[in-house]
Amino acid sequence: MLYLHIEPDQQQWLDAFAHHQPDLKVVTAEDDFAADQVRWVAAWNPSEGLFARFPNLEAVFALGAGVDAFVRRDDLSSEVPLIRLLDAGMADQMVEYILWATLTVQRDFDLYADLQRQNKWQEHTARSRDQMRLGILGLGALGQQVAKSLTTYGYPVSGWKRSEIELEGVKVFTGDQGLQQLVQQSDVLISLLPNTPQTRGLLDAKLLGKLPKGAALVNVARGVQVVDDDLLKLLDNDHLRFAALDVFHEEPLPTDHPFWQHPKVAVTPHMAAATLPEPAVKQVVANLKKLEAGQEPEGLVKAESGY
Ligand code: OXD
């Protein structure tokens, strides 16, 4: 039996399970069931104490890419395999979001919106794609797919990862020095990093100050990676041109946060890449089969790295 914990659109998820594995018994908080019969939980934004309800838990499926809400919890032993989604339709959506943010500065749409508010007709010199160097922080499963996809649009794409990898068409930087180098040569810096103690507060004045003047920041990872005051200062002193922020320290973003009204900030409500029920459930079901066959599931979170 699998317990499903997700909002909104719970029915779509139930339908997707019924479609991909009709013989799997899926229950939710609305059902009557014996908690000791639950072998798996598939969840997003798991509530406090959720996992403690199930004494015979064999695995947990995070219905998203980031698992920060699933690790270091009192109700979930690190012995229970935790499996996250690797793409499930998210990469394409991330690419769309990044293209929107990139085009906003490349084609000066932010400046034109401002000019329109002043009834001003004034043309800016446009930049071509090869003049927009995209730097991706985080080349995990999602980051690699996003990076490869962005190269197909003609943008020079670089990426940073802790460990070495080869990625066709993408210049890969590693290590602390590599991080500085990547930032120094990024016109648009994009965070796809996992939320770990090492990435929290990483995007501070010291690092963001190394971006070329006029660069943009796109954060589609986790809000805690950005030091908000540092980012605001760099936008206010014109070192940075634009920030597209989808994630925040506190969500929903408090109504009095300066990001809301800042002319150089675009705020979106953690929507850059929604998890789509169909591909996500397909991945969960494929991994359930692997677990039942004694094989390692794809997207198994490693205890040492936490992602
Ligand atoms: C995710 C997210 O991690 O949506 O999947 O934030």
# chains A, B, ... in the order shown; residues from 1 in each chain; ligands from 1
$ closest_atom_pairs --of "stretch 196-304 of chain A" --to "stretch 30-53 of chain A" --cutoff "10 Å" --atoms "only C-alpha atoms" --output "CSV"
residue,atom,partner,partner_atom,distance
A:Thr275,CA,A:Trp44,CA,9.8
A:Val281,CA,A:Ala42,CA,9.3
A:Val284,CA,A:Ala42,CA,8.2
A:Leu288,CA,A:Trp40,CA,8.9
$ residues_near_ligand --ligand "ligand 1" --cutoff "7 Å" --atoms "only C-alpha atoms and all ligand atoms" --output "VMD selection string"
chain A and resid 63 to 67 221 270 273 to 275
$ write_last_selection --atoms "all heavy atoms" --output "CSV table (one decimal), in the first residue's frame"
chain,number,residue,atom,x,y,z
A,63,LEU,N,8.1,13.8,-4.2
A,63,LEU,CA,7.5,14.2,-5.5
A,63,LEU,C,8.0,15.6,-6.0
A,63,LEU,O,7.2,16.5,-6.2
A,63,LEU,CB,5.9,14.2,-5.4
A,63,LEU,CG,5.4,12.8,-5.0
A,63,LEU,CD1,3.9,12.9,-4.8
A,63,LEU,CD2,5.7,11.8,-6.1
A,64,GLY,N,9.3,15.7,-6.0
A,64,GLY,CA,10.0,16.9,-6.4
A,64,GLY,C,11.4,16.5,-6.6
A,64,GLY,O,11.9,15.4,-6.3
A,65,ALA,N,12.2,17.5,-7.0
A,65,ALA,CA,13.7,17.3,-7.1
A,65,ALA,C,14.4,17.6,-5.9
A,65,ALA,O,15.4,16.9,-5.5
A,65,ALA,CB,14.2,18.2,-8.3
A,66,GLY,N,14.0,18.6,-5.2
A,66,GLY,CA,14.8,19.0,-3.9
A,66,GLY,C,14.2,18.2,-2.7
A,66,GLY,O,13.0,18.1,-2.6
A,67,VAL,N,15.1,17.7,-1.9
A,67,VAL,CA,14.6,16.8,-0.8
A,67,VAL,C,14.9,17.4,0.6
A,67,VAL,O,15.0,16.8,1.6
A,67,VAL,CB,15.2,15.4,-0.9
A,67,VAL,CG1,14.6,14.6,-2.0
A,67,VAL,CG2,16.7,15.4,-1.0
A,221,ALA,N,16.2,27.5,-7.5
A,221,ALA,CA,16.6,26.4,-6.6
A,221,ALA,C,16.0,26.5,-5.2
A,221,ALA,O,14.9,26.0,-5.0
A,221,ALA,CB,18.2,26.3,-6.5
A,270,HIS,N,7.3,30.3,-6.8
A,270,HIS,CA,7.9,28.9,-6.8
A,270,HIS,C,7.1,28.0,-7.9
A,270,HIS,O,6.6,26.9,-7.6
A,270,HIS,CB,7.7,28.2,-5.4
A,270,HIS,CG,8.7,27.1,-5.2
A,270,HIS,ND1,9.3,26.9,-4.0
A,270,HIS,CD2,9.1,26.1,-6.0
A,270,HIS,CE1,10.1,25.8,-4.1
A,270,HIS,NE2,10.0,25.3,-5.3
A,273,ALA,N,9.2,25.3,-12.2
A,273,ALA,CA,9.1,23.9,-12.7
A,273,ALA,C,8.2,23.1,-11.8
A,273,ALA,O,8.6,22.6,-10.8
A,273,ALA,CB,10.4,23.2,-12.8
A,274,ALA,N,6.9,23.1,-12.2
A,274,ALA,CA,6.0,22.3,-11.4
A,274,ALA,C,6.2,20.8,-11.7
A,274,ALA,O,6.6,20.4,-12.8
A,274,ALA,CB,4.5,22.7,-11.8
A,275,THR,N,5.9,20.0,-10.7
A,275,THR,CA,6.0,18.5,-10.9
A,275,THR,C,4.7,18.1,-11.6
A,275,THR,O,3.6,18.3,-11.1
A,275,THR,CB,6.1,17.8,-9.6
A,275,THR,OG1,7.1,18.5,-8.8
A,275,THR,CG2,6.5,16.4,-9.8
$ closest_atom_pairs --of "stretch 110-195 of chain A" --to "stretch 80-84 of chain A" --cutoff "12 Å" --atoms "only C-alpha atoms" --output "JSON lines"
{"residue": "A:Ala141", "atom": "CA", "partner": "A:Arg84", "partner_atom": "CA", "distance": 10.8}
{"residue": "A:Leu142", "atom": "CA", "partner": "A:Arg84", "partner_atom": "CA", "distance": 11.4}
{"residue": "A:Pro194", "atom": "CA", "partner": "A:Arg84", "partner_atom": "CA", "distance": 11.9}
$ write_last_selection --atoms "C-alpha atoms" --output "PDB file, in the first residue's frame"
ATOM      1  CA  ALA A 141      20.446  15.269 -13.202  1.00  0.00           C
ATOM      2  CA  LEU A 142      18.189  18.284 -13.745  1.00  0.00           C
ATOM      3  CA  PRO A 194      20.481  21.561  -3.953  1.00  0.00           C
TER       4      PRO A 194
END
$ atom_distance --atom1 "atom CA of A:Glu298" --atom2 "atom CA of A:Glu79"
17.0 Å
$ select_by_dssp --residues "stretch 19-166 of chain A" --states "strand (DSSP E or B)" --output "count of residues only"
23
$ closest_residue --among "A:Val188, A:Ala272, A:Ala286, A:Ala59" --to "A:Gly89" --atoms "only C-alpha atoms"
A:Ala272
$ residues_around --residues "stretch 104-120 of chain A" --least-positions-apart "2" --cutoff "12 Å" --atoms "only C-alpha atoms" --output "PyMOL selection string"
chain A and resi 97-102+122-134+155+187-188+214-218+240-244+263-266
$ select_by_dssp --residues "stretch 36-230 of chain A" --states "alpha helix (DSSP H)" --output "ChimeraX atom specification"
/A:90-106,109-117,141-151,175-184,205-208,228-230
$ closest_residue --among "A:Thr152, A:Gln295, A:Gln283, A:Gln177" --to "A:Phe17" --atoms "only C-alpha atoms"
A:Gln283
$ residues_around --residues "stretch 160-175 of chain A" --least-positions-apart "6" --cutoff "8 Å" --atoms "only C-alpha atoms" --output "MDAnalysis selection string"
chainID A and resid 135:140 144 147:148 151 181:182
$ write_last_selection --atoms "C-alpha atoms" --output "PDB file, in the first residue's frame"
ATOM      1  CA  GLY A 135      26.391  29.991 -16.026  1.00  0.00           C
ATOM      2  CA  ILE A 136      24.569  27.194 -14.264  1.00  0.00           C
ATOM      3  CA  LEU A 137      25.315  26.412 -10.643  1.00  0.00           C
ATOM      4  CA  GLY A 138      24.491  22.760 -10.053  1.00  0.00           C
ATOM      5  CA  LEU A 139      24.909  20.133 -12.718  1.00  0.00           C
ATOM      6  CA  GLY A 140      22.922  17.293 -11.173  1.00  0.00           C
ATOM      7  CA  GLN A 144      22.692  18.618 -16.869  1.00  0.00           C
ATOM      8  CA  ALA A 147      22.395  22.923 -19.580  1.00  0.00           C
ATOM      9  CA  LYS A 148      22.332  20.657 -22.633  1.00  0.00           C
ATOM     10  CA  THR A 151      23.098  24.960 -25.696  1.00  0.00           C
ATOM     11  CA  GLN A 181      35.750  31.432 -12.544  1.00  0.00           C
ATOM     12  CA  LEU A 182      32.260  30.465 -13.598  1.00  0.00           C
TER      13      LEU A 182
END
